[in-house]
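Source file: entry.txt (compact mmCIF, C-alpha atoms)
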```txt
# COMPACT_ATOMS: atom_id res chain seq x y z
CA MET A 1001 199.20 42.24 8.70
CA SER A 1002 198.08 45.51 10.10
CA LYS A 1003 195.27 45.98 12.60
CA SER A 1004 192.34 46.92 10.46
CA SER A 1005 189.32 44.96 11.66
CA LYS A 1006 187.05 46.28 14.39
CA THR A 1007 188.11 43.49 16.70
CA GLU A 1008 191.73 44.29 16.16
CA ILE A 1009 191.08 47.97 16.77
CA ASP A 1010 189.23 47.11 19.96
CA GLU A 1011 192.28 45.19 21.02
CA MET A 1012 194.66 48.03 20.35
CA GLY A 1013 196.43 48.83 23.53
CA PHE A 1014 199.22 51.17 24.34
CA GLY A 1015 199.97 50.05 27.86
CA PRO A 1016 199.70 52.69 30.57
CA PHE A 1017 199.74 55.54 28.08
CA ASP A 1018 196.60 57.57 27.51
CA ILE A 1019 196.77 57.33 23.74
CA GLY A 1020 195.00 55.36 21.03
CA PRO A 1021 191.34 54.39 20.67
CA ASP A 1022 189.49 53.98 23.97
CA GLY A 1023 186.35 52.14 22.79
CA THR A 1024 184.14 55.22 22.63
CA GLU A 1025 184.80 55.88 18.94
CA SER A 1026 182.01 56.33 16.43
CA GLU A 1027 181.91 54.04 13.40
CA LEU A 1028 183.46 56.77 11.30
CA GLU A 1029 186.26 57.29 13.82
CA GLN A 1030 186.89 53.53 13.88
CA ALA A 1031 187.15 53.63 10.09
CA VAL A 1032 189.61 56.52 10.36
CA TRP A 1033 191.74 54.52 12.79
CA ALA A 1034 191.62 51.55 10.42
CA ASN A 1035 192.73 53.67 7.47
CA LEU A 1036 195.51 55.29 9.47
CA ASP A 1037 196.63 51.79 10.31
CA GLU A 1038 197.29 51.27 6.60
CA ILE A 1039 199.83 54.10 6.43
CA PRO A 1040 203.34 52.65 6.71
CA ASP A 1041 206.04 54.30 8.75
CA PRO A 1042 208.57 55.34 6.06
CA HIS A 1043 211.50 53.98 8.04
CA ILE A 1044 210.23 50.93 9.89
CA PRO A 1045 207.98 48.03 8.76
CA LEU A 1046 205.05 49.07 10.96
CA SER A 1047 202.06 51.32 10.41
CA LEU A 1048 201.81 54.73 12.05
CA VAL A 1049 199.20 53.23 14.40
CA GLU A 1050 201.40 50.24 15.23
CA MET A 1051 204.23 52.68 15.89
CA ALA A 1052 201.94 54.37 18.45
CA MET A 1053 202.44 57.68 16.66
CA ILE A 1054 198.70 58.35 16.40
CA TYR A 1055 197.60 59.55 19.82
CA ASP A 1056 193.99 60.50 19.18
CA VAL A 1057 191.35 60.83 16.48
CA ASP A 1058 188.20 62.89 16.63
CA VAL A 1059 185.66 63.51 13.87
CA ASP A 1060 183.23 66.36 14.49
CA ARG A 1061 179.68 66.77 13.20
CA ASP A 1062 180.92 68.53 10.06
CA GLY A 1063 183.16 65.61 9.18
CA VAL A 1064 186.40 67.34 10.13
CA ALA A 1065 188.90 64.75 11.29
CA GLN A 1066 191.26 65.91 14.01
CA VAL A 1067 194.33 63.71 14.27
CA ASP A 1068 196.86 64.06 17.08
CA VAL A 1069 200.20 62.66 15.98
CA SER A 1070 203.60 62.48 17.63
CA PHE A 1071 207.02 61.55 16.30
CA PRO A 1072 209.76 59.35 17.76
CA CYS A 1073 212.29 61.81 16.36
CA MET A 1074 211.65 65.56 16.49
CA GLY A 1075 213.89 66.08 13.46
CA CYS A 1076 212.10 63.37 11.46
CA PRO A 1077 213.01 63.92 7.79
CA ALA A 1078 209.65 62.40 6.80
CA TYR A 1079 207.71 64.91 8.90
CA GLU A 1080 205.92 66.61 5.99
CA PHE A 1081 205.72 63.33 4.10
CA ILE A 1082 203.78 61.75 6.97
CA HIS A 1083 201.49 64.79 7.21
CA ASP A 1084 200.71 64.41 3.49
CA ASP A 1085 200.10 60.67 3.90
CA ILE A 1086 197.58 61.26 6.69
CA ARG A 1087 195.73 63.97 4.77
CA GLY A 1088 195.74 61.96 1.55
CA CYS A 1089 194.54 58.82 3.29
CA LEU A 1090 191.62 60.43 5.10
CA ARG A 1091 190.39 63.02 2.61
CA THR A 1092 189.03 60.36 0.28
CA MET A 1093 186.91 58.75 3.00
CA ASP A 1094 183.14 59.07 2.85
CA GLY A 1095 182.03 61.38 5.65
CA ILE A 1096 185.36 63.18 6.00
CA THR A 1097 185.30 66.80 4.77
CA ASP A 1098 188.65 68.01 6.06
CA VAL A 1099 191.68 66.82 8.00
CA GLU A 1100 193.43 68.76 10.75
CA ILE A 1101 196.68 67.47 12.19
CA ASP A 1102 198.09 68.49 15.54
CA VAL A 1103 201.65 67.46 16.39
CA VAL A 1104 201.72 66.73 20.11
CA TRP A 1105 204.52 65.82 22.54
CA ASP A 1106 202.59 64.91 25.67
CA PRO A 1107 203.18 62.14 26.49
CA VAL A 1108 206.61 61.94 24.92
CA TRP A 1109 206.76 59.01 22.50
CA THR A 1110 208.67 56.02 23.81
CA LYS A 1111 209.26 52.51 22.51
CA ASP A 1112 207.43 51.33 25.62
CA MET A 1113 204.27 52.30 23.72
CA LEU A 1114 204.83 49.47 21.22
CA ASP A 1115 202.66 46.42 21.85
CA ASP A 1116 203.86 42.81 21.69
CA GLU A 1117 202.75 42.35 18.08
CA ALA A 1118 204.67 45.41 16.95
CA ARG A 1119 207.74 44.28 18.87
CA GLU A 1120 207.57 40.85 17.23
CA LYS A 1121 207.36 42.43 13.78
CA LEU A 1122 210.41 44.51 14.52
CA ARG A 1123 212.30 41.47 15.79
CA GLU A 1124 211.37 39.56 12.62
CA SER A 1125 212.73 42.45 10.61
CA GLY A 1126 216.00 42.36 12.48
CA ILE A 1127 215.36 45.58 14.38
CA ALA A 1128 216.42 45.42 18.01
CA LEU A 1129 214.55 47.28 20.72
CA MET B 857 198.00 77.02 22.05
CA THR B 858 196.64 77.99 25.42
CA GLU B 859 196.67 81.45 26.94
CA ASN B 860 198.63 84.21 25.28
CA TRP B 861 202.28 84.62 25.99
CA SER B 862 203.69 87.95 27.11
CA ASP B 863 205.81 89.92 24.62
CA ASP B 864 208.85 88.98 26.70
CA ALA B 865 207.98 85.30 26.36
CA VAL B 866 207.67 85.58 22.57
CA GLU B 867 211.09 87.28 22.32
CA TYR B 868 212.61 84.69 24.67
CA VAL B 869 211.41 81.75 22.56
CA GLN B 870 212.38 83.62 19.39
CA ALA B 871 215.96 83.97 20.64
CA ILE B 872 216.12 80.28 21.54
CA ALA B 873 214.69 79.24 18.16
CA ASP B 874 217.01 81.54 16.19
CA THR B 875 220.01 80.33 18.18
CA LYS B 876 219.12 76.73 17.40
CA LEU B 877 218.56 77.60 13.74
CA ILE B 878 222.01 79.15 13.34
CA LEU B 879 223.60 76.44 15.49
CA SER B 880 222.14 73.77 13.20
CA HIS B 881 223.71 75.55 10.24
CA ARG B 882 227.09 75.76 12.00
CA TYR B 883 226.86 72.00 12.59
CA THR B 884 226.33 71.43 8.87
CA GLU B 885 229.40 73.54 8.05
CA TRP B 886 231.54 71.15 10.10
CA MET B 887 229.82 67.80 9.66
CA LEU B 888 232.24 66.77 6.90
CA SER B 889 235.26 68.37 8.55
CA GLY B 890 235.47 66.72 11.95
CA PRO B 891 238.74 65.02 12.93
CA VAL B 892 237.16 61.55 12.85
CA LEU B 893 234.09 60.04 11.22
CA GLU B 894 232.33 59.80 14.59
CA ASP B 895 232.43 63.59 14.88
CA ASP B 896 230.93 64.00 11.42
CA ILE B 897 228.09 61.56 12.10
CA ALA B 898 227.37 63.13 15.49
CA GLY B 899 227.37 66.58 13.91
CA ALA B 900 224.95 65.55 11.17
CA SER B 901 222.66 63.98 13.73
CA ALA B 902 222.80 67.04 16.00
CA ALA B 903 222.04 69.35 13.05
CA GLN B 904 218.97 67.26 12.25
CA ASP B 905 217.82 67.33 15.88
CA GLU B 906 218.34 71.07 16.17
CA ILE B 907 216.36 71.85 13.04
CA GLY B 908 213.62 69.57 14.39
CA HIS B 909 213.54 71.66 17.58
CA VAL B 910 213.43 74.83 15.49
CA ARG B 911 210.46 73.50 13.53
CA GLN B 912 208.44 73.01 16.72
CA LEU B 913 209.50 76.33 18.26
CA PHE B 914 208.60 78.17 15.05
CA GLU B 915 205.23 76.42 15.14
CA LYS B 916 204.67 77.76 18.66
CA LEU B 917 205.77 81.26 17.65
CA SER B 918 203.45 81.21 14.63
CA ASN B 919 200.59 80.85 17.11
CA HIS B 920 201.71 84.04 18.81
CA GLY B 921 201.85 86.59 16.01
CA ARG B 922 204.96 85.60 14.08
CA ALA B 923 204.44 84.74 10.39
CA LEU B 924 205.91 81.35 9.50
CA SER B 925 207.56 82.73 6.33
CA TRP B 926 209.24 85.48 8.39
CA LEU B 927 210.41 82.95 10.93
CA GLN B 928 211.80 80.65 8.25
CA GLY B 929 214.05 83.36 6.85
CA ASP B 930 212.08 86.06 5.05
CA ARG B 931 213.70 88.77 7.19
CA PRO B 932 216.91 90.81 7.20
CA PRO B 933 219.94 89.52 9.13
CA GLU B 934 219.53 92.10 11.91
CA LYS B 935 216.12 90.61 12.75
CA PHE B 936 217.64 87.28 13.80
CA ALA B 937 218.01 87.02 17.57
CA ASN B 938 220.61 84.24 17.77
CA ALA B 939 223.33 84.17 20.40
CA ALA B 940 226.06 86.53 19.20
CA CYS B 941 228.79 83.89 19.41
CA LEU B 942 227.22 82.16 16.40
CA ASP B 943 227.30 85.21 14.10
CA ASP B 944 230.51 84.25 12.32
CA GLU B 945 231.94 81.03 10.94
CA PHE B 946 234.45 79.26 13.14
CA ASP B 947 238.13 79.12 12.29
CA SER B 948 238.89 75.77 13.86
CA TRP B 949 237.34 72.55 15.07
CA VAL B 950 238.28 73.33 18.68
CA GLU B 951 236.56 76.70 18.48
CA PHE B 952 233.48 75.03 16.99
CA VAL B 953 233.30 72.37 19.73
CA THR B 954 233.73 74.97 22.46
CA VAL B 955 231.09 77.35 21.14
CA ALA B 956 228.65 74.55 20.24
CA ASP B 957 228.93 73.19 23.80
CA LEU B 958 228.35 76.62 25.36
CA THR B 959 225.44 77.41 23.07
CA GLU B 960 223.72 74.02 23.28
CA ARG B 961 223.87 74.14 27.07
CA ALA B 962 222.59 77.72 27.31
CA ALA B 963 219.70 77.04 24.92
CA TRP B 964 218.80 73.88 26.82
CA TYR B 965 218.85 75.61 30.20
CA LEU B 966 216.58 78.34 28.84
CA ILE B 967 214.11 75.78 27.47
CA ASP B 968 214.26 73.70 30.65
CA SER B 969 213.31 76.83 32.59
CA ILE B 970 210.01 77.18 30.73
CA VAL B 971 207.07 75.96 32.79
CA HIS B 972 204.26 77.20 30.54
CA GLU B 973 201.90 74.34 29.67
CA ASP B 974 202.49 74.84 25.93
CA PHE B 975 205.90 73.26 26.52
CA THR B 976 204.67 70.18 28.40
CA GLY B 977 206.31 67.19 26.71
CA LEU B 978 208.00 69.39 24.12
CA GLY B 979 210.65 70.53 26.59
CA GLU B 980 211.17 66.98 27.85
CA ARG B 981 211.59 65.65 24.31
CA ILE B 982 214.10 68.37 23.40
CA GLY B 983 215.94 67.53 26.61
CA GLN B 984 216.30 63.91 25.52
CA ASP B 985 218.19 65.10 22.43
CA GLU B 986 220.23 67.65 24.35
CA TYR B 987 221.40 65.00 26.81
CA PHE B 988 223.22 63.15 24.03
CA HIS B 989 224.45 66.32 22.31
CA LEU B 990 226.02 67.55 25.53
CA GLU B 991 227.41 64.13 26.47
CA HIS B 992 229.27 64.10 23.18
CA LEU B 993 230.33 67.75 23.23
CA ASP B 994 231.41 67.72 26.88
CA GLY B 995 233.59 64.68 26.22
CA SER B 996 235.21 66.38 23.23
CA LEU B 997 235.66 69.60 25.15
CA GLU B 998 237.40 67.88 28.06
CA ARG B 999 239.74 66.16 25.62
CA HIS B 1000 240.56 69.40 23.87
CA ALA B 1001 241.04 71.07 27.25
CA ASP B 1002 243.95 68.69 27.79
CA GLU B 1003 245.30 68.71 24.25
CA ASN B 1004 244.56 72.27 23.10
CA THR B 1005 244.32 74.26 26.31
CA GLU B 1006 245.13 77.68 24.90
CA GLU B 1007 242.77 77.27 21.97
CA VAL B 1008 239.89 76.31 24.29
CA GLU B 1009 240.63 79.28 26.53
CA ALA B 1010 240.67 81.63 23.54
CA ALA B 1011 237.32 80.27 22.36
CA LEU B 1012 235.85 80.66 25.86
CA GLU B 1013 237.11 84.22 26.12
CA ALA B 1014 235.55 85.12 22.79
CA ALA B 1015 232.24 83.25 23.17
CA VAL B 1016 231.22 83.47 26.83
CA PRO B 1017 230.09 87.14 26.70
CA GLY B 1018 227.71 86.40 23.82
CA VAL B 1019 226.34 83.30 25.55
CA LEU B 1020 225.79 85.16 28.82
CA ALA B 1021 223.96 87.94 26.96
CA PHE B 1022 221.77 85.21 25.44
CA ILE B 1023 220.98 83.90 28.96
CA GLY B 1024 220.45 87.41 30.33
CA PRO B 1025 222.23 89.92 32.57
CA ALA B 1026 223.18 89.24 36.21
CA THR B 1027 220.69 91.88 37.35
CA LEU B 1028 217.68 89.75 36.39
CA ASP B 1029 216.93 87.86 39.57
CA ALA B 1030 213.68 86.19 40.61
CA ASP B 1031 212.20 89.52 41.68
CA SER B 1032 213.03 91.37 38.48
CA ASP B 1033 213.06 88.80 35.67
CA PRO B 1034 209.78 89.42 33.81
CA LEU B 1035 209.61 85.83 32.60
CA VAL B 1036 209.68 84.51 36.16
CA GLN B 1037 207.27 87.19 37.28
CA SER B 1038 204.76 86.23 34.58
CA GLY B 1039 205.10 82.52 35.39
CA PHE B 1040 206.55 81.59 31.97
CA THR B 1041 209.82 80.34 33.49
CA ASP B 1042 210.76 79.07 36.93
CA ARG B 1043 214.37 80.25 36.92
CA SER B 1044 215.73 83.75 36.58
CA ALA B 1045 218.69 84.73 34.42
CA VAL B 1046 220.75 84.86 37.63
CA ASP B 1047 219.82 81.28 38.49
CA VAL B 1048 220.61 80.02 34.98
CA ARG B 1049 223.92 81.88 34.89
CA GLU B 1050 225.01 80.35 38.19
CA GLY B 1051 224.17 76.81 37.07
CA PHE B 1052 225.79 77.42 33.70
CA LYS B 1053 229.09 78.65 35.13
CA ALA B 1054 229.17 75.86 37.73
CA GLN B 1055 228.91 73.29 34.94
CA TYR B 1056 232.02 74.64 33.23
CA GLU B 1057 233.91 74.83 36.51
CA SER B 1058 233.14 71.11 36.83
CA ILE B 1059 234.01 70.21 33.22
CA PHE B 1060 237.40 71.91 33.40
CA GLU B 1061 238.14 71.04 37.04
CA ASP B 1062 240.82 68.45 36.26
CA THR B 1063 242.25 70.26 33.24
CA ASP B 1064 244.61 73.19 32.73
CA VAL B 1065 241.86 75.39 31.29
CA ASP B 1066 241.26 78.51 33.35
CA ILE B 1067 237.70 79.70 32.75
CA SER B 1068 238.48 83.05 34.37
CA VAL B 1069 240.04 84.12 31.07
CA ALA B 1070 236.43 84.90 30.09
CA ASP B 1071 234.40 87.75 31.54
CA TRP B 1072 231.58 86.04 33.46
CA ASP B 1073 230.00 89.30 34.67
CA VAL B 1074 228.75 90.68 31.36
CA PRO B 1075 226.50 91.96 29.89
CA ASP B 1076 225.94 95.39 31.40
CA SER B 1077 222.19 95.54 31.88
CA ASP B 1078 222.09 99.10 30.53
CA GLU B 1079 223.59 97.95 27.24
CA TRP B 1080 221.63 94.71 26.97
CA ASP B 1081 219.04 94.40 24.19
CA SER B 1082 216.27 92.34 25.81
CA LYS B 1083 214.65 91.69 22.43
CA ARG B 1084 217.66 90.15 20.70
CA ARG B 1085 219.27 89.05 23.97
CA ARG B 1086 222.66 90.51 23.10
CA VAL B 1087 224.73 93.69 23.29
CA GLY B 1088 225.24 95.82 20.19
CA GLU B 1089 223.95 95.71 16.64
CA GLY B 1090 225.87 92.65 15.42
CA HIS B 1091 224.17 90.03 13.29
CA ILE B 1092 224.66 87.07 10.97
CA SER B 1093 225.65 87.76 7.37
CA SER B 1094 223.17 88.17 4.54
CA GLU B 1095 224.95 85.27 2.81
CA LEU B 1096 224.00 83.06 5.73
CA VAL B 1097 220.36 84.11 5.43
CA ASP B 1098 220.56 83.20 1.73
CA ALA B 1099 221.92 79.78 2.66
CA LEU B 1100 219.25 79.24 5.32
CA THR B 1101 216.44 80.08 2.92
CA GLY B 1102 217.80 78.19 -0.08
CA VAL B 1103 218.48 81.32 -2.14
CA LYS B 1104 222.13 80.35 -2.36
CA ASN B 1105 221.12 77.09 -4.05
CA ALA B 1106 218.29 78.47 -6.16
CA GLU B 1107 220.00 77.72 -9.50
CA PHE B 1108 220.69 74.16 -8.41
CA ALA B 1109 217.10 73.74 -7.21
CA ARG B 1110 215.76 74.83 -10.61
CA ALA B 1111 218.05 72.50 -12.55
```

structure tokens encoding of this file:
Amino acid sequence: MSKSSKTEIDEMGFGPFDIGPDGTESELEQAVWANLDEIPDPHIPLSLVEMAMIYDVDVDRDGVAQVDVSFPCMGCPAYEFIHDDIRGCLRTMDGITDVEIDVVWDPVWTKDMLDDEAREKLRESGIAL
Amino acid sequence: MTENWSDDAVEYVQAIADTKLILSHRYTEWMLSGPVLEDDIAGASAAQDEIGHVRQLFEKLSNHGRALSWLQGDRPPEKFANAACLDDEFDSWVEFVTVADLTERAAWYLIDSIVHEDFTGLGERIGQDEYFHLEHLDGSLERHADENTEEVEAALEAAVPGVLAFIGPATLDADSDPLVQSGFTDRSAVDVREGFKAQYESIFEDTDVDISVADWDVPDSDEWDSKRRRVGEGHISSELVDALTGVKNAEFARA
């Protein structure tokens, strides 16, 4: 089960890394986080949010959603696929007029960003960390 | 994107990106032809990594006046600024390993020299890939140095001048290298060249390979093209551009 309720979003934590929701999100931004948490990683049985690939979300007054995303692998073959998934997922949301995606590398993604729940899911799937 | 890059910085990143683009293609030419399956898998993985690096470097360049379509191949062969040692296909696996090692290391040292904030994280992430590429290539190179000494020396002799032109001439020290002067990099071409040569002295230290077969003093700064970071008018073939842009496979793609 992915993290989609407000409580679960509030509990999202990415350890010492300055990524993910920080509790100051508007209702619309919380909804964006929840929807992003429904997008599966194409390779691994976790969502993009659970994979800690979504670093930040910001929705401006005009309803433009700015999503900062990083990738575990720079040569990810699903790079465009994931871009399309994010745009497709958010464009249908009430209050969202456009989606802008920035690929960022600071901080560099690391498996240390995965929380305990994500690690347990991977273990259950037979994926070693 | 933060502040604008100098023209020299744009050309510097262009040369690194083009070198990685052509290197990724050279990997694909050999990824089913390595001596053992491990070499093929490593080559396929390295090709994927390299094209991933290219994608990000092209993205940076597109923020500094370069059209993405032009970057991705809509340009004549003489507009590519790759290291000259990658212009032609390789005749043997040993030659490929030698040139790939030289080129990977040079490209990595040039990226590692960049201190502009646009490369924060990006350089570190590329370095994580390069660590494994060079671990694998260095191991192969040392083995071939023992088993195919003359072939490695011949490859070094042919490739080193092109790689050194890619790094930059020995006249560009900290006081004269425009990239250091503008604060884009923290190491001059002289510094990179010294570290680069020292690495190969170490790799071949316990082998019979004599790296002095190559000319380590080139290029002549008067002949050096600072834009394409090479000497002369050489370039990749138009057939390679067709392959890079998918033209070669257009009929298949339409089927």

Polymer residues at most 12 Å from Glu1095 (chain B), all atoms listed in the file, same-chain spacing of 2 or more positions, as a PyMOL selection string: chain B and resi 929+932-933+943-945+1091-1093+1097-1105

Counting all atoms listed in the file, which residues from chain B have an atom at most 12 Å from any atom of chain A, and could you show them as an MDAnalysis selection string? chainID B and resid 857 880 900:913 915:916 973:986

Those residues with C-alpha atoms, as an mmCIF file, keeping the file's coordinate frame please?
```
data_model
loop_
_atom_site.group_PDB
_atom_site.id
_atom_site.type_symbol
_atom_site.label_atom_id
_atom_site.label_comp_id
_atom_site.auth_asym_id
_atom_site.auth_seq_id
_atom_site.Cartn_x
_atom_site.Cartn_y
_atom_site.Cartn_z
ATOM 1 C CA MET B 857 198.000 77.020 22.050
ATOM 2 C CA SER B 880 222.140 73.770 13.200
ATOM 3 C CA ALA B 900 224.950 65.550 11.170
ATOM 4 C CA SER B 901 222.660 63.980 13.730
ATOM 5 C CA ALA B 902 222.800 67.040 16.000
ATOM 6 C CA ALA B 903 222.040 69.350 13.050
ATOM 7 C CA GLN B 904 218.970 67.260 12.250
ATOM 8 C CA ASP B 905 217.820 67.330 15.880
ATOM 9 C CA GLU B 906 218.340 71.070 16.170
ATOM 10 C CA ILE B 907 216.360 71.850 13.040
ATOM 11 C CA GLY B 908 213.620 69.570 14.390
ATOM 12 C CA HIS B 909 213.540 71.660 17.580
ATOM 13 C CA VAL B 910 213.430 74.830 15.490
ATOM 14 C CA ARG B 911 210.460 73.500 13.530
ATOM 15 C CA GLN B 912 208.440 73.010 16.720
ATOM 16 C CA LEU B 913 209.500 76.330 18.260
ATOM 17 C CA GLU B 915 205.230 76.420 15.140
ATOM 18 C CA LYS B 916 204.670 77.760 18.660
ATOM 19 C CA GLU B 973 201.900 74.340 29.670
ATOM 20 C CA ASP B 974 202.490 74.840 25.930
ATOM 21 C CA PHE B 975 205.900 73.260 26.520
ATOM 22 C CA THR B 976 204.670 70.180 28.400
ATOM 23 C CA GLY B 977 206.310 67.190 26.710
ATOM 24 C CA LEU B 978 208.000 69.390 24.120
ATOM 25 C CA GLY B 979 210.650 70.530 26.590
ATOM 26 C CA GLU B 980 211.170 66.980 27.850
ATOM 27 C CA ARG B 981 211.590 65.650 24.310
ATOM 28 C CA ILE B 982 214.100 68.370 23.400
ATOM 29 C CA GLY B 983 215.940 67.530 26.610
ATOM 30 C CA GLN B 984 216.300 63.910 25.520
ATOM 31 C CA ASP B 985 218.190 65.100 22.430
ATOM 32 C CA GLU B 986 220.230 67.650 24.350
#
```

Nearest-residue call for Leu927 (chain B), choices B:Tyr868, B:Tyr965, B:Phe914, B:Trp1080, using all atoms listed in the file: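 Of all the options, B:Phe914 lies closest to Leu927 (chain B).
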
The distance between CA of Asp1094 (chain A) and CA of Val1057 (chain A) is 16.0 Å

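Distances to Glu1100 (chain A) were evaluated for A:Asp1068, A:Asp1115, A:Asp1085, A:Glu1120 using only C-alpha atoms, and the minimum falls at A:Asp1068.
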
Long-range neighbours of Met887 (chain B) as a ChimeraX atom specification, 6 Å cut-off, all atoms listed in the file, 2 positions minimum in chain: /B:883-885,889,896,899-900

Between CA of Arg1119 (chain A) and CA of Pro1045 (chain A), what is the distance in Å, rounded to a tenth?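 These atoms are spaced 10.8 Å apart.
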
What lies within 9 Å of His992 (chain B) using all atoms listed in the file, ignoring chain neighbours under 4 positions off, as a compact mmCIF listing (two decimals) with C-alpha atoms, in the frame of the given file?
```txt
# COMPACT_ATOMS: atom_id res chain seq x y z
CA ASP B 895 232.43 63.59 14.88
CA ALA B 898 227.37 63.13 15.49
CA TYR B 987 221.40 65.00 26.81
CA PHE B 988 223.22 63.15 24.03
CA SER B 996 235.21 66.38 23.23
CA LEU B 997 235.66 69.60 25.15
```

Neighbourhood query: residues within 8 Å of (183.7, 60.1, 17.2), file coordinates, counting all atoms listed in the file; return as a PyMOL selection string. chain A and resi 1024-1029+1057-1060

Could the centre and edge lengths of an axis-aligned box, enclosing all atoms of region 1015-1031 of chain A in the file with 6 Å extra on each side, be given in Å to one decimal as AutoDock Vina command-line options?
```
--center_x 190.9 --center_y 53.8 --center_z 20.3 --size_x 30.1 --size_y 19.5 --size_z 32.5
```
